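Colleague: Following this line is coords-v6.pdb, made up of PDB, C-alpha atoms:
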MODEL        1
ATOM      1  CA  MET U 463     -17.172  21.497  61.477
ATOM      2  CA  LYS U 464     -17.858  18.060  62.676
ATOM      3  CA  GLU U 465     -14.385  16.667  63.222
ATOM      4  CA  ASN U 466     -15.440  14.868  66.404
ATOM      5  CA  ASP U 467     -18.177  13.022  64.552
ATOM      6  CA  SER U 468     -15.578  12.216  61.956
ATOM      7  CA  ARG U 469     -13.343  10.647  64.572
ATOM      8  CA  ASN U 470     -16.301   8.579  65.869
ATOM      9  CA  SER U 471     -17.256   7.392  62.408
ATOM     10  CA  ASN U 472     -13.660   6.356  61.881
ATOM     11  CA  SER U 473     -13.956   3.868  64.742
ATOM     12  CA  LEU U 474     -16.105   1.727  62.436
ATOM     13  CA  LEU U 475     -13.309   1.515  59.888
ATOM     14  CA  ASP U 476     -10.693  -1.178  59.714
ATOM     15  CA  ASP U 477      -7.094  -0.324  60.594
ATOM     16  CA  GLU U 478      -5.986   0.187  56.995
ATOM     17  CA  ASP U 479      -8.881   2.518  56.234
ATOM     18  CA  GLU U 480      -8.273   4.388  59.473
ATOM     19  CA  LEU U 481      -4.661   5.033  58.495
ATOM     20  CA  THR U 482      -5.729   6.250  55.045
ATOM     21  CA  VAL U 483      -8.354   8.553  56.608
ATOM     22  CA  LYS U 484      -5.705   9.950  58.989
ATOM     23  CA  GLN U 485      -3.408  10.671  56.044
ATOM     24  CA  ILE U 486      -6.271  12.373  54.167
ATOM     25  CA  ILE U 487      -7.198  14.522  57.191
ATOM     26  CA  ASN U 488      -3.549  15.531  57.734
ATOM     27  CA  GLY U 489      -3.159  16.403  54.043
ATOM     28  CA  LEU U 490      -6.315  18.505  54.026
ATOM     29  CA  GLU U 491      -5.299  20.283  57.232
ATOM     30  CA  LYS U 492      -1.965  21.189  55.623
ATOM     31  CA  LEU U 493      -3.907  22.588  52.682
ATOM     32  CA  ASP U 494      -5.578  25.023  55.116
ATOM     33  CA  GLN U 495      -2.190  26.042  56.517
ATOM     34  CA  TRP U 496      -0.684  26.686  53.084
ATOM     35  CA  ASN U 497      -3.664  28.663  51.795
ATOM     36  CA  PRO U 498      -4.811  31.006  54.578
ATOM     37  CA  VAL U 499      -8.217  32.573  53.968
ATOM     38  CA  SER U 500      -8.842  36.225  54.795
ATOM     39  CA  THR U 501     -12.476  37.226  55.268
ATOM     40  CA  PRO U 502     -13.425  40.555  53.629
ATOM     41  CA  ASP U 503     -15.059  43.421  55.587
ATOM     42  CA  LEU U 504     -18.758  43.341  56.405
ATOM     43  CA  GLN U 505     -19.179  46.467  54.257
ATOM     44  CA  LEU U 506     -18.080  44.588  51.145
ATOM     45  CA  PHE U 507     -20.623  41.842  51.854
ATOM     46  CA  GLN U 508     -23.334  44.472  52.317
ATOM     47  CA  GLN U 509     -22.450  46.096  48.986
ATOM     48  CA  ASN U 510     -22.554  42.742  47.216
ATOM     49  CA  VAL U 511     -25.847  41.791  48.831
ATOM     50  CA  GLU U 512     -27.401  45.134  47.799
ATOM     51  CA  LEU U 513     -26.115  44.804  44.222
ATOM     52  CA  GLU U 514     -27.386  41.243  43.925
ATOM     53  CA  LYS U 515     -30.786  42.156  45.394
ATOM     54  CA  ASN U 516     -31.097  44.985  42.839
ATOM     55  CA  ARG U 517     -30.162  42.617  40.020
ATOM     56  CA  ILE U 518     -32.747  40.071  41.177
ATOM     57  CA  ARG U 519     -35.414  42.791  41.478
ATOM     58  CA  LYS U 520     -34.706  43.998  37.908
ATOM     59  CA  LYS U 521     -34.746  40.444  36.596
ATOM     60  CA  GLN U 522     -38.089  39.765  38.302
ATOM     61  CA  TRP U 523     -39.609  42.907  36.743
ATOM     62  CA  LYS U 524     -38.285  41.898  33.334
ATOM     63  CA  ASP U 525     -39.724  38.380  33.722
ATOM     64  CA  LEU U 526     -43.077  39.817  34.835
ATOM     65  CA  LEU U 527     -43.198  42.190  31.851
ATOM     66  CA  THR U 528     -42.379  39.336  29.461
ATOM     67  CA  PHE U 529     -45.062  37.164  31.053
ATOM     68  CA  ILE U 530     -47.694  39.915  30.820
ATOM     69  CA  SER U 531     -46.762  40.683  27.200
ATOM     70  CA  VAL U 532     -47.084  37.036  26.175
ATOM     71  CA  ALA U 533     -50.346  36.689  28.145
ATOM     72  CA  VAL U 534     -51.826  39.798  26.496
ATOM     73  CA  PHE U 535     -50.777  38.569  23.062
ATOM     74  CA  VAL U 536     -52.331  35.123  23.596
ATOM     75  CA  LEU U 537     -55.476  36.665  25.102
ATOM     76  CA  SER U 538     -55.881  39.051  22.191
ATOM     77  CA  VAL U 539     -55.547  36.200  19.691
ATOM     78  CA  VAL U 540     -58.104  34.106  21.627
ATOM     79  CA  ILE U 541     -60.590  36.987  21.889
ATOM     80  CA  ALA U 542     -60.157  37.833  18.211
ATOM     81  CA  ILE U 543     -60.830  34.228  17.207
ATOM     82  CA  VAL U 544     -63.644  33.428  19.685
ATOM     83  CA  TYR U 545     -65.628  36.652  19.159
ATOM     84  CA  HIS U 546     -64.707  37.054  15.489
ATOM     85  CA  GLU U 547     -63.494  40.578  16.338
ATOM     86  CA  PRO U 548     -60.052  41.116  14.821
ATOM     87  CA  ILE U 549     -60.222  44.707  16.000
ATOM     88  CA  PHE U 550     -59.551  43.529  19.627
ATOM     89  CA  TYR U 551     -56.336  41.913  18.434
ATOM     90  CA  LEU U 552     -55.313  45.126  16.729
ATOM     91  CA  TYR U 553     -56.174  47.209  19.825
ATOM     92  CA  PHE U 554     -54.005  44.978  22.053
ATOM     93  CA  GLN U 555     -51.133  45.085  19.562
ATOM     94  CA  LEU U 556     -51.409  48.861  19.392
ATOM     95  CA  VAL U 557     -51.229  49.146  23.199
ATOM     96  CA  GLY U 558     -48.234  46.790  23.133
ATOM     97  CA  ILE U 559     -46.466  48.821  20.472
ATOM     98  CA  ILE U 560     -46.898  51.960  22.581
ATOM     99  CA  LEU U 561     -45.935  50.374  25.953
ATOM    100  CA  LEU U 562     -42.969  48.214  24.925
ATOM    101  CA  PRO U 563     -40.677  51.035  23.729
ATOM    102  CA  LEU U 564     -41.458  52.893  26.975
ATOM    103  CA  ALA U 565     -40.401  49.857  29.008
ATOM    104  CA  PHE U 566     -37.213  49.342  26.969
ATOM    105  CA  ASN U 567     -36.384  53.050  27.027
ATOM    106  CA  LYS U 568     -36.570  53.029  30.829
ATOM    107  CA  THR U 569     -34.078  50.153  31.022
ATOM    108  CA  ARG U 570     -31.724  51.800  28.546
ATOM    109  CA  LYS U 571     -31.733  55.052  30.530
ATOM    110  CA  LYS U 572     -30.764  53.155  33.689
ATOM    111  CA  VAL U 573     -27.833  51.501  31.923
ATOM    112  CA  ARG U 574     -26.638  54.861  30.665
ATOM    113  CA  ASN U 575     -26.689  56.265  34.241
ATOM    114  CA  GLU U 576     -24.664  53.315  35.513
ATOM    115  CA  ASP U 577     -22.166  53.780  32.690
ATOM    116  CA  LEU U 578     -21.783  57.432  33.582
ATOM    117  CA  GLN U 579     -21.218  56.593  37.247
ATOM    118  CA  GLN U 580     -18.576  54.034  36.299
ATOM    119  CA  SER U 581     -16.757  56.442  33.994
ATOM    120  CA  LYS U 582     -16.620  59.026  36.819
TER     121      LYS U 582
ATOM    122  CA  MET B1062     -27.263  38.004  67.793
ATOM    123  CA  ASP B1063     -27.329  34.235  67.215
ATOM    124  CA  GLU B1064     -27.548  32.478  63.855
ATOM    125  CA  LYS B1065     -31.286  31.760  64.083
ATOM    126  CA  ASP B1066     -32.090  35.454  64.582
ATOM    127  CA  LEU B1067     -29.834  36.402  61.698
ATOM    128  CA  ILE B1068     -31.523  33.846  59.418
ATOM    129  CA  ARG B1069     -34.991  35.053  60.457
ATOM    130  CA  LYS B1070     -34.059  38.672  59.731
ATOM    131  CA  ALA B1071     -32.263  37.791  56.488
ATOM    132  CA  LYS B1072     -35.373  35.991  55.242
ATOM    133  CA  LYS B1073     -37.385  39.141  55.953
ATOM    134  CA  GLY B1074     -35.037  41.105  53.688
ATOM    135  CA  ASP B1075     -32.565  42.532  56.227
ATOM    136  CA  THR B1076     -29.369  43.187  54.237
ATOM    137  CA  LEU B1077     -27.146  43.562  57.298
ATOM    138  CA  ALA B1078     -28.286  40.224  58.761
ATOM    139  CA  LEU B1079     -27.698  38.399  55.465
ATOM    140  CA  SER B1080     -24.297  40.063  55.025
ATOM    141  CA  THR B1081     -23.289  39.048  58.563
ATOM    142  CA  LEU B1082     -24.368  35.447  57.898
ATOM    143  CA  LEU B1083     -22.346  35.354  54.692
ATOM    144  CA  GLN B1084     -19.310  36.901  56.361
ATOM    145  CA  GLN B1085     -19.472  34.409  59.248
ATOM    146  CA  ASN B1086     -19.539  31.456  56.842
ATOM    147  CA  TYR B1087     -17.125  32.815  54.224
ATOM    148  CA  SER B1088     -13.878  31.214  55.380
ATOM    149  CA  PHE B1089     -15.619  27.902  56.177
ATOM    150  CA  LEU B1090     -16.970  27.809  52.642
ATOM    151  CA  VAL B1091     -13.667  28.732  50.954
ATOM    152  CA  ARG B1092     -11.869  26.052  52.987
ATOM    153  CA  TYR B1093     -14.468  23.425  52.075
ATOM    154  CA  LEU B1094     -14.272  24.282  48.387
ATOM    155  CA  MET B1095     -10.473  24.308  48.516
ATOM    156  CA  LYS B1096     -10.563  20.733  49.812
ATOM    157  CA  VAL B1097     -12.932  19.396  47.184
ATOM    158  CA  THR B1098     -11.603  21.370  44.210
ATOM    159  CA  LEU B1099      -7.911  21.326  45.259
ATOM    160  CA  HIS B1100      -7.749  24.575  43.309
ATOM    161  CA  PRO B1101      -7.604  27.752  45.471
ATOM    162  CA  GLN B1102      -8.622  30.169  42.676
ATOM    163  CA  ASN B1103     -11.560  28.021  41.631
ATOM    164  CA  ALA B1104     -12.555  27.692  45.300
ATOM    165  CA  GLU B1105     -12.714  31.502  45.614
ATOM    166  CA  ASP B1106     -14.765  31.821  42.401
ATOM    167  CA  LEU B1107     -17.198  29.128  43.492
ATOM    168  CA  THR B1108     -17.519  30.786  46.915
ATOM    169  CA  GLN B1109     -18.624  34.010  45.191
ATOM    170  CA  GLU B1110     -21.145  32.070  43.101
ATOM    171  CA  THR B1111     -22.429  30.255  46.195
ATOM    172  CA  MET B1112     -22.904  33.550  48.024
ATOM    173  CA  LEU B1113     -24.891  35.000  45.090
ATOM    174  CA  LYS B1114     -27.042  31.878  44.934
ATOM    175  CA  CYS B1115     -27.609  32.105  48.685
ATOM    176  CA  ILE B1116     -28.781  35.742  48.391
ATOM    177  CA  GLU B1117     -31.223  34.661  45.682
ATOM    178  CA  LYS B1118     -32.503  31.538  47.462
ATOM    179  CA  ILE B1119     -32.443  32.590  51.131
ATOM    180  CA  GLN B1120     -36.272  32.457  51.224
ATOM    181  CA  LEU B1121     -36.086  28.737  50.409
ATOM    182  CA  TYR B1122     -33.846  27.862  53.378
ATOM    183  CA  ASN B1123     -36.115  25.908  55.718
ATOM    184  CA  GLY B1124     -33.791  25.499  58.713
ATOM    185  CA  GLU B1125     -33.875  21.674  58.587
ATOM    186  CA  SER B1126     -30.093  21.523  58.298
ATOM    187  CA  LYS B1127     -27.447  23.894  59.657
ATOM    188  CA  PHE B1128     -26.937  27.048  57.613
ATOM    189  CA  SER B1129     -23.341  25.992  56.854
ATOM    190  CA  SER B1130     -24.606  22.600  55.586
ATOM    191  CA  TRP B1131     -27.084  24.392  53.334
ATOM    192  CA  LEU B1132     -24.230  26.481  51.921
ATOM    193  CA  ILE B1133     -22.185  23.305  51.376
ATOM    194  CA  THR B1134     -25.133  21.806  49.468
ATOM    195  CA  ILE B1135     -25.299  24.853  47.161
ATOM    196  CA  ALA B1136     -21.507  24.918  46.694
ATOM    197  CA  THR B1137     -21.364  21.169  45.994
ATOM    198  CA  ASN B1138     -24.032  21.409  43.301
ATOM    199  CA  LEU B1139     -22.379  24.447  41.711
ATOM    200  CA  PHE B1140     -19.083  22.546  41.590
ATOM    201  CA  ILE B1141     -20.757  19.456  40.068
ATOM    202  CA  ASP B1142     -22.435  21.656  37.408
ATOM    203  CA  GLN B1143     -19.160  23.428  36.667
ATOM    204  CA  GLN B1144     -17.330  20.126  36.195
ATOM    205  CA  ARG B1145     -20.031  18.869  33.826
ATOM    206  CA  ARG B1146     -19.733  22.011  31.699
ATOM    207  CA  LYS B1147     -15.959  22.030  31.425
ATOM    208  CA  LYS B1148     -14.023  19.665  29.221
ATOM    209  CA  ARG B1149     -12.256  16.974  31.218
ATOM    210  CA  GLU B1150      -8.883  17.432  29.503
ATOM    211  CA  LYS B1151      -8.767  21.171  30.178
ATOM    212  CA  ASN B1152      -9.859  20.517  33.755
ATOM    213  CA  TRP B1153      -6.992  18.132  34.286
ATOM    214  CA  GLN B1154      -4.466  20.662  32.978
ATOM    215  CA  LYS B1155      -5.822  23.414  35.237
ATOM    216  CA  GLN B1156      -5.811  21.014  38.189
ATOM    217  CA  GLN B1157      -2.151  20.200  37.565
ATOM    218  CA  GLN B1158      -1.291  23.921  37.360
ATOM    219  CA  ALA B1159      -3.080  24.563  40.659
ATOM    220  CA  LEU B1160      -1.246  21.649  42.294
ATOM    221  CA  ARG B1161       2.123  22.927  41.056
ATOM    222  CA  LYS B1162       1.294  26.341  42.534
ATOM    223  CA  MET B1163       0.340  24.806  45.874
ATOM    224  CA  LYS B1164       3.541  22.724  45.882
ATOM    225  CA  TRP B1165       5.474  25.926  45.253
ATOM    226  CA  ASN B1166       3.662  27.614  48.178
ATOM    227  CA  ALA B1167       4.470  24.667  50.436
ATOM    228  CA  ALA B1168       8.135  24.712  49.373
ATOM    229  CA  ASN B1169       8.312  28.453  50.049
ATOM    230  CA  ARG B1170       7.147  27.771  53.583
ATOM    231  CA  ASN B1171       9.817  25.061  53.935
ATOM    232  CA  GLU B1172       7.146  22.450  54.408
ATOM    233  CA  GLU B1173       7.057  18.999  52.906
ATOM    234  CA  TRP B1174       4.388  18.284  50.268
ATOM    235  CA  THR B1175       2.045  15.452  51.115
ATOM    236  CA  ASP B1176       1.439  12.710  48.512
ATOM    237  CA  VAL B1177      -2.148  12.226  49.642
ATOM    238  CA  LEU B1178      -3.079  15.560  47.999
ATOM    239  CA  ASP B1179      -1.656  14.314  44.673
ATOM    240  CA  VAL B1180      -3.724  11.157  45.008
ATOM    241  CA  LEU B1181      -6.883  13.084  45.949
ATOM    242  CA  ALA B1182      -6.368  15.336  42.922
ATOM    243  CA  GLN B1183      -6.154  12.302  40.642
ATOM    244  CA  ILE B1184      -9.447  10.781  41.694
ATOM    245  CA  ASN B1185     -12.736  12.018  40.292
ATOM    246  CA  GLU B1186     -14.522  14.774  42.235
ATOM    247  CA  ASP B1187     -17.615  12.532  42.488
ATOM    248  CA  ILE B1188     -15.533  10.319  44.762
ATOM    249  CA  ARG B1189     -13.348  13.008  46.359
ATOM    250  CA  MET B1190     -16.321  15.050  47.582
ATOM    251  CA  PRO B1191     -18.016  12.292  49.611
ATOM    252  CA  ILE B1192     -14.666  11.272  51.126
ATOM    253  CA  VAL B1193     -13.988  14.849  52.302
ATOM    254  CA  LEU B1194     -17.562  15.341  53.532
ATOM    255  CA  LYS B1195     -17.578  12.016  55.377
ATOM    256  CA  HIS B1196     -14.122  11.773  56.852
ATOM    257  CA  TYR B1197     -13.070  15.409  57.241
ATOM    258  CA  TYR B1198     -16.390  17.106  58.029
ATOM    259  CA  GLY B1199     -18.083  14.074  59.589
ATOM    260  CA  TYR B1200     -21.416  14.272  57.757
ATOM    261  CA  SER B1201     -23.551  11.116  57.671
ATOM    262  CA  TYR B1202     -24.004   9.128  54.466
ATOM    263  CA  GLU B1203     -27.633  10.258  54.397
ATOM    264  CA  GLU B1204     -26.686  13.956  54.661
ATOM    265  CA  ILE B1205     -24.063  13.605  51.925
ATOM    266  CA  GLY B1206     -26.590  11.834  49.709
ATOM    267  CA  LYS B1207     -29.001  14.745  50.117
ATOM    268  CA  MET B1208     -26.249  17.303  49.461
ATOM    269  CA  MET B1209     -25.108  15.613  46.274
ATOM    270  CA  GLY B1210     -28.523  14.430  45.121
ATOM    271  CA  ILE B1211     -27.561  10.738  45.099
ATOM    272  CA  ALA B1212     -28.642   7.626  47.035
ATOM    273  CA  GLU B1213     -27.154   6.857  50.449
ATOM    274  CA  GLY B1214     -25.892   3.497  49.179
ATOM    275  CA  THR B1215     -24.080   5.196  46.317
ATOM    276  CA  VAL B1216     -22.330   7.496  48.792
ATOM    277  CA  LYS B1217     -21.258   4.490  50.897
ATOM    278  CA  SER B1218     -19.803   2.645  47.938
ATOM    279  CA  ARG B1219     -18.054   5.767  46.596
ATOM    280  CA  VAL B1220     -16.442   6.441  49.991
ATOM    281  CA  SER B1221     -15.425   2.825  50.490
ATOM    282  CA  ASN B1222     -14.024   2.356  46.959
ATOM    283  CA  GLY B1223     -12.443   5.810  47.105
ATOM    284  CA  LEU B1224     -10.560   4.978  50.302
ATOM    285  CA  LYS B1225      -9.329   1.719  48.772
ATOM    286  CA  ARG B1226      -8.100   3.605  45.730
ATOM    287  CA  VAL B1227      -6.361   6.277  47.798
ATOM    288  CA  ARG B1228      -4.651   3.558  49.862
ATOM    289  CA  LYS B1229      -3.553   1.665  46.756
ATOM    290  CA  GLU B1230      -2.159   4.739  45.012
ATOM    291  CA  LEU B1231      -0.412   5.930  48.170
ATOM    292  CA  ALA B1232       1.239   2.505  48.470
ATOM    293  CA  GLU B1233       2.343   2.726  44.836
ATOM    294  CA  LEU B1234       3.815   6.203  45.384
ATOM    295  CA  GLU B1235       5.643   5.057  48.507
ATOM    296  CA  GLY B1236       6.995   2.048  46.585
ATOM    297  CA  GLU B1237       8.482   4.251  43.837
TER     298      GLU B1237
ENDMDL
END
Show this structure as structure tokens.

Modeller:
Amino acid sequence: MKENDSRNSNSLLDDEDELTVKQIINGLEKLDQWNPVSTPDLQLFQQNVELEKNRIRKKQWKDLLTFISVAVFVLSVVIAIVYHEPIFYLYFQLVGIILLPLAFNKTRKKVRNEDLQQSK
Amino acid sequence: MDEKDLIRKAKKGDTLALSTLLQQNYSFLVRYLMKVTLHPQNAEDLTQETMLKCIEKIQLYNGESKFSSWLITIATNLFIDQQRRKKREKNWQKQQQALRKMKWNAANRNEEWTDVLDVLAQINEDIRMPIVLKHYYGYSYEEIGKMMGIAEGTVKSRVSNGLKRVRKELAELEGE
């Protein structure tokens, strides 16, 4: 906190403002007294940090997969048009059709495991 | 281990260092949010959100400002976003409920309620936040401008007009 700086900055105020600022500071200090804050254990913070990191990691993988899928789709369309080879487009789509359910199945399995752990 | 070491380790992915940093700043953050929201439950919720955002964005912390100031910047922006999303009328009702609860807490402790908190709750958070940051925490107008994403001059005028309004409304309450 920078209460000392606050006091210094108050010296630039006129008397009326200074009184108002004093009242505000007193009111806010009372707020702290009436609502004491208890800090949770370090373990709880560690758990939360781990959970959030896992969530971010999963989200990044999902975003990457989406990006690659879109890129492959666009690329296959471009190749099919530029080289007049619609078969390339079909090959890419076929690979996509095989890979996507695998990716989704993996995610679904993970959710099921979490659900089981929660129900235990 | 000092804060700089903790930040360095946290940026490298050390969970313990990041958890320690968050734990050290937890009560500071809740207290700050309690002062700007004047709503203890909302302050706790926003603290959780700020912590999650911090875990996600720790790589982007460049050390230019203090770690606590960086957390205040995140919390301030989350609060501004939250206020924009919620309907003003509902907000006002929730604010009044929170104030009644705090008055009840104060009465239970046999302490006298202070009118200035009623006045602060009435004014818009866009004005309340710079007043608290300037006159309670002592941040400069420039720092507050950066935290809130507004011009320094705007902060100055909000603080100055806000103080005038608080003074006027306090005088009216005392006159009643």

Colleague: I need the residue set behind the PyMOL selection byres ((chain B and resi 1214-1223) around 7) for this file; please write it as a VMD selection string.

Modeller: chain B and resid 1188 1191 to 1192 1202 1206 1211 to 1213 1224 to 1227

Colleague: Mind giving me the straight-line distance from atom CA of U:Asn497 to atom CA of B:Trp1131 in Å, one decimal?

Modeller: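 About the pair atom CA of U:Asn497 and atom CA of B:Trp1131: they are 23.9 Å apart.
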
Colleague: Just to confirm, what's the straight-line distance from atom CA of B:Glu1125 to atom CA of B:Leu1067 in Å (one decimal)?

Modeller: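 The value is 15.6 Å.
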
Colleague: Quick one: which residues end up in the PyMOL selection byres ((chain B and resi 1234) around 12) for this structure, as a list in words?

Modeller: Thr1175, Asp1176, Val1177, Leu1178, Asp1179, Val1180, Val1227, Arg1228, Lys1229, Glu1230, Leu1231, Ala1232, Glu1233, Glu1235, Gly1236 and Glu1237 of chain B

Colleague: For each of B:Asn1152, B:Asp1066, B:Glu1117, B:Thr1108, take the minimum atom-to-atom distance to U:Leu513, counting all atoms listed in the file, then give the residue where this is smallest.

Modeller: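 Result for the nearest residue to U:Leu513: B:Glu1117.
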
Colleague: Near chain U, which residues of chain B fall within 8 Å when you count all atoms listed in the file, and what do they look like as a tab-separated table (two decimals) with C-alpha atoms, in the coordinates of the input?

Modeller:
chain	number	residue	atom	x	y	z
B	1076	THR	CA	-29.37	43.19	54.24
B	1077	LEU	CA	-27.15	43.56	57.30
B	1079	LEU	CA	-27.70	38.40	55.46
B	1080	SER	CA	-24.30	40.06	55.02
B	1081	THR	CA	-23.29	39.05	58.56
B	1083	LEU	CA	-22.35	35.35	54.69
B	1084	GLN	CA	-19.31	36.90	56.36
B	1087	TYR	CA	-17.12	32.82	54.22
B	1088	SER	CA	-13.88	31.21	55.38
B	1091	VAL	CA	-13.67	28.73	50.95
B	1092	ARG	CA	-11.87	26.05	52.99
B	1095	MET	CA	-10.47	24.31	48.52
B	1096	LYS	CA	-10.56	20.73	49.81
B	1101	PRO	CA	-7.60	27.75	45.47
B	1113	LEU	CA	-24.89	35.00	45.09
B	1116	ILE	CA	-28.78	35.74	48.39
B	1117	GLU	CA	-31.22	34.66	45.68
B	1163	MET	CA	0.34	24.81	45.87
B	1166	ASN	CA	3.66	27.61	48.18
B	1167	ALA	CA	4.47	24.67	50.44
B	1170	ARG	CA	7.15	27.77	53.58
B	1175	THR	CA	2.04	15.45	51.12
B	1177	VAL	CA	-2.15	12.23	49.64
B	1178	LEU	CA	-3.08	15.56	48.00
B	1195	LYS	CA	-17.58	12.02	55.38
B	1196	HIS	CA	-14.12	11.77	56.85
B	1197	TYR	CA	-13.07	15.41	57.24
B	1198	TYR	CA	-16.39	17.11	58.03
B	1199	GLY	CA	-18.08	14.07	59.59
B	1200	TYR	CA	-21.42	14.27	57.76
B	1224	LEU	CA	-10.56	4.98	50.30
B	1225	LYS	CA	-9.33	1.72	48.77
B	1227	VAL	CA	-6.36	6.28	47.80
B	1228	ARG	CA	-4.65	3.56	49.86

Colleague: Smallest atom-to-atom distance to B:Glu1186: which of B:Leu1160, B:Ile1141, B:Ile1119, B:Ala1168, using only C-alpha atoms?

Modeller: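 Closest residue, counting only C-alpha atoms: B:Ile1141.
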
Colleague: Distance atom CA of B:Tyr1122-atom CA of B:Lys1065, one decimal place?

Modeller: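 Going from atom CA of B:Tyr1122 over to atom CA of B:Lys1065, I get 11.7 Å.
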
Colleague: Please check which residues have atoms at most 10 Å from (-19.2, 26.2, 45.0) in the file's coordinates, counting only C-alpha atoms, and write them as a ChimeraX atom specification.

Modeller: /B:1090-1091,1093-1095,1097-1098,1103-1112,1114,1132-1143

Colleague: Could you tell me, as a list in words, exactly which residues end up selected when the PyMOL selection byres ((chain U and resi 533-541) around 9) is applied to this structure?

Modeller: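 Taken on the displayed file, the PyMOL selection byres ((chain U and resi 533-541) around 9) yields the residues Thr528, Phe529, Ile530, Ser531, Val532, Ala542, Ile543, Val544, Tyr545, His546, Glu547, Pro548, Phe550, Tyr551, Leu552, Tyr553, Phe554, Gln555 and Gly558 of chain U.
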
Colleague: Once N, CA and C atoms are restored for stretch 1136-1150 of chain B, what would the output be as an mmCIF file, in the frame of the given file?

Modeller:
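Output file result_36.cif follows:
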data_model
loop_
_atom_site.group_PDB
_atom_site.id
_atom_site.type_symbol
_atom_site.label_atom_id
_atom_site.label_comp_id
_atom_site.auth_asym_id
_atom_site.auth_seq_id
_atom_site.Cartn_x
_atom_site.Cartn_y
_atom_site.Cartn_z
ATOM 1 N N ALA B 1136 -22.867 24.906 47.265
ATOM 2 C CA ALA B 1136 -21.507 24.918 46.694
ATOM 3 C C ALA B 1136 -21.206 23.602 45.977
ATOM 4 N N THR B 1137 -21.613 22.490 46.590
ATOM 5 C CA THR B 1137 -21.364 21.169 45.994
ATOM 6 C C THR B 1137 -22.043 21.066 44.634
ATOM 7 N N ASN B 1138 -23.295 21.501 44.571
ATOM 8 C CA ASN B 1138 -24.032 21.409 43.301
ATOM 9 C C ASN B 1138 -23.463 22.346 42.241
ATOM 10 N N LEU B 1139 -23.009 23.528 42.673
ATOM 11 C CA LEU B 1139 -22.379 24.447 41.711
ATOM 12 C C LEU B 1139 -21.095 23.834 41.153
ATOM 13 N N PHE B 1140 -20.333 23.177 42.027
ATOM 14 C CA PHE B 1140 -19.083 22.546 41.590
ATOM 15 C C PHE B 1140 -19.384 21.384 40.626
ATOM 16 N N ILE B 1141 -20.393 20.586 40.951
ATOM 17 C CA ILE B 1141 -20.757 19.456 40.068
ATOM 18 C C ILE B 1141 -21.168 20.000 38.693
ATOM 19 N N ASP B 1142 -22.001 21.050 38.686
ATOM 20 C CA ASP B 1142 -22.435 21.656 37.408
ATOM 21 C C ASP B 1142 -21.244 22.185 36.619
ATOM 22 N N GLN B 1143 -20.340 22.852 37.329
ATOM 23 C CA GLN B 1143 -19.160 23.428 36.667
ATOM 24 C C GLN B 1143 -18.316 22.326 36.013
ATOM 25 N N GLN B 1144 -18.140 21.221 36.729
ATOM 26 C CA GLN B 1144 -17.330 20.126 36.195
ATOM 27 C C GLN B 1144 -17.985 19.506 34.961
ATOM 28 N N ARG B 1145 -19.312 19.446 34.976
ATOM 29 C CA ARG B 1145 -20.031 18.869 33.826
ATOM 30 C C ARG B 1145 -19.850 19.751 32.599
ATOM 31 N N ARG B 1146 -19.847 21.078 32.829
ATOM 32 C CA ARG B 1146 -19.733 22.011 31.699
ATOM 33 C C ARG B 1146 -18.343 22.002 31.081
ATOM 34 N N LYS B 1147 -17.326 21.915 31.939
ATOM 35 C CA LYS B 1147 -15.959 22.030 31.425
ATOM 36 C C LYS B 1147 -15.488 20.728 30.801
ATOM 37 N N LYS B 1148 -14.585 20.857 29.850
ATOM 38 C CA LYS B 1148 -14.023 19.665 29.221
ATOM 39 C C LYS B 1148 -13.026 19.022 30.187
ATOM 40 N N ARG B 1149 -13.086 17.697 30.257
ATOM 41 C CA ARG B 1149 -12.256 16.974 31.218
ATOM 42 C C ARG B 1149 -10.752 17.246 31.036
ATOM 43 N N GLU B 1150 -10.317 17.256 29.786
ATOM 44 C CA GLU B 1150 -8.883 17.432 29.503
ATOM 45 C C GLU B 1150 -8.373 18.777 30.029
#
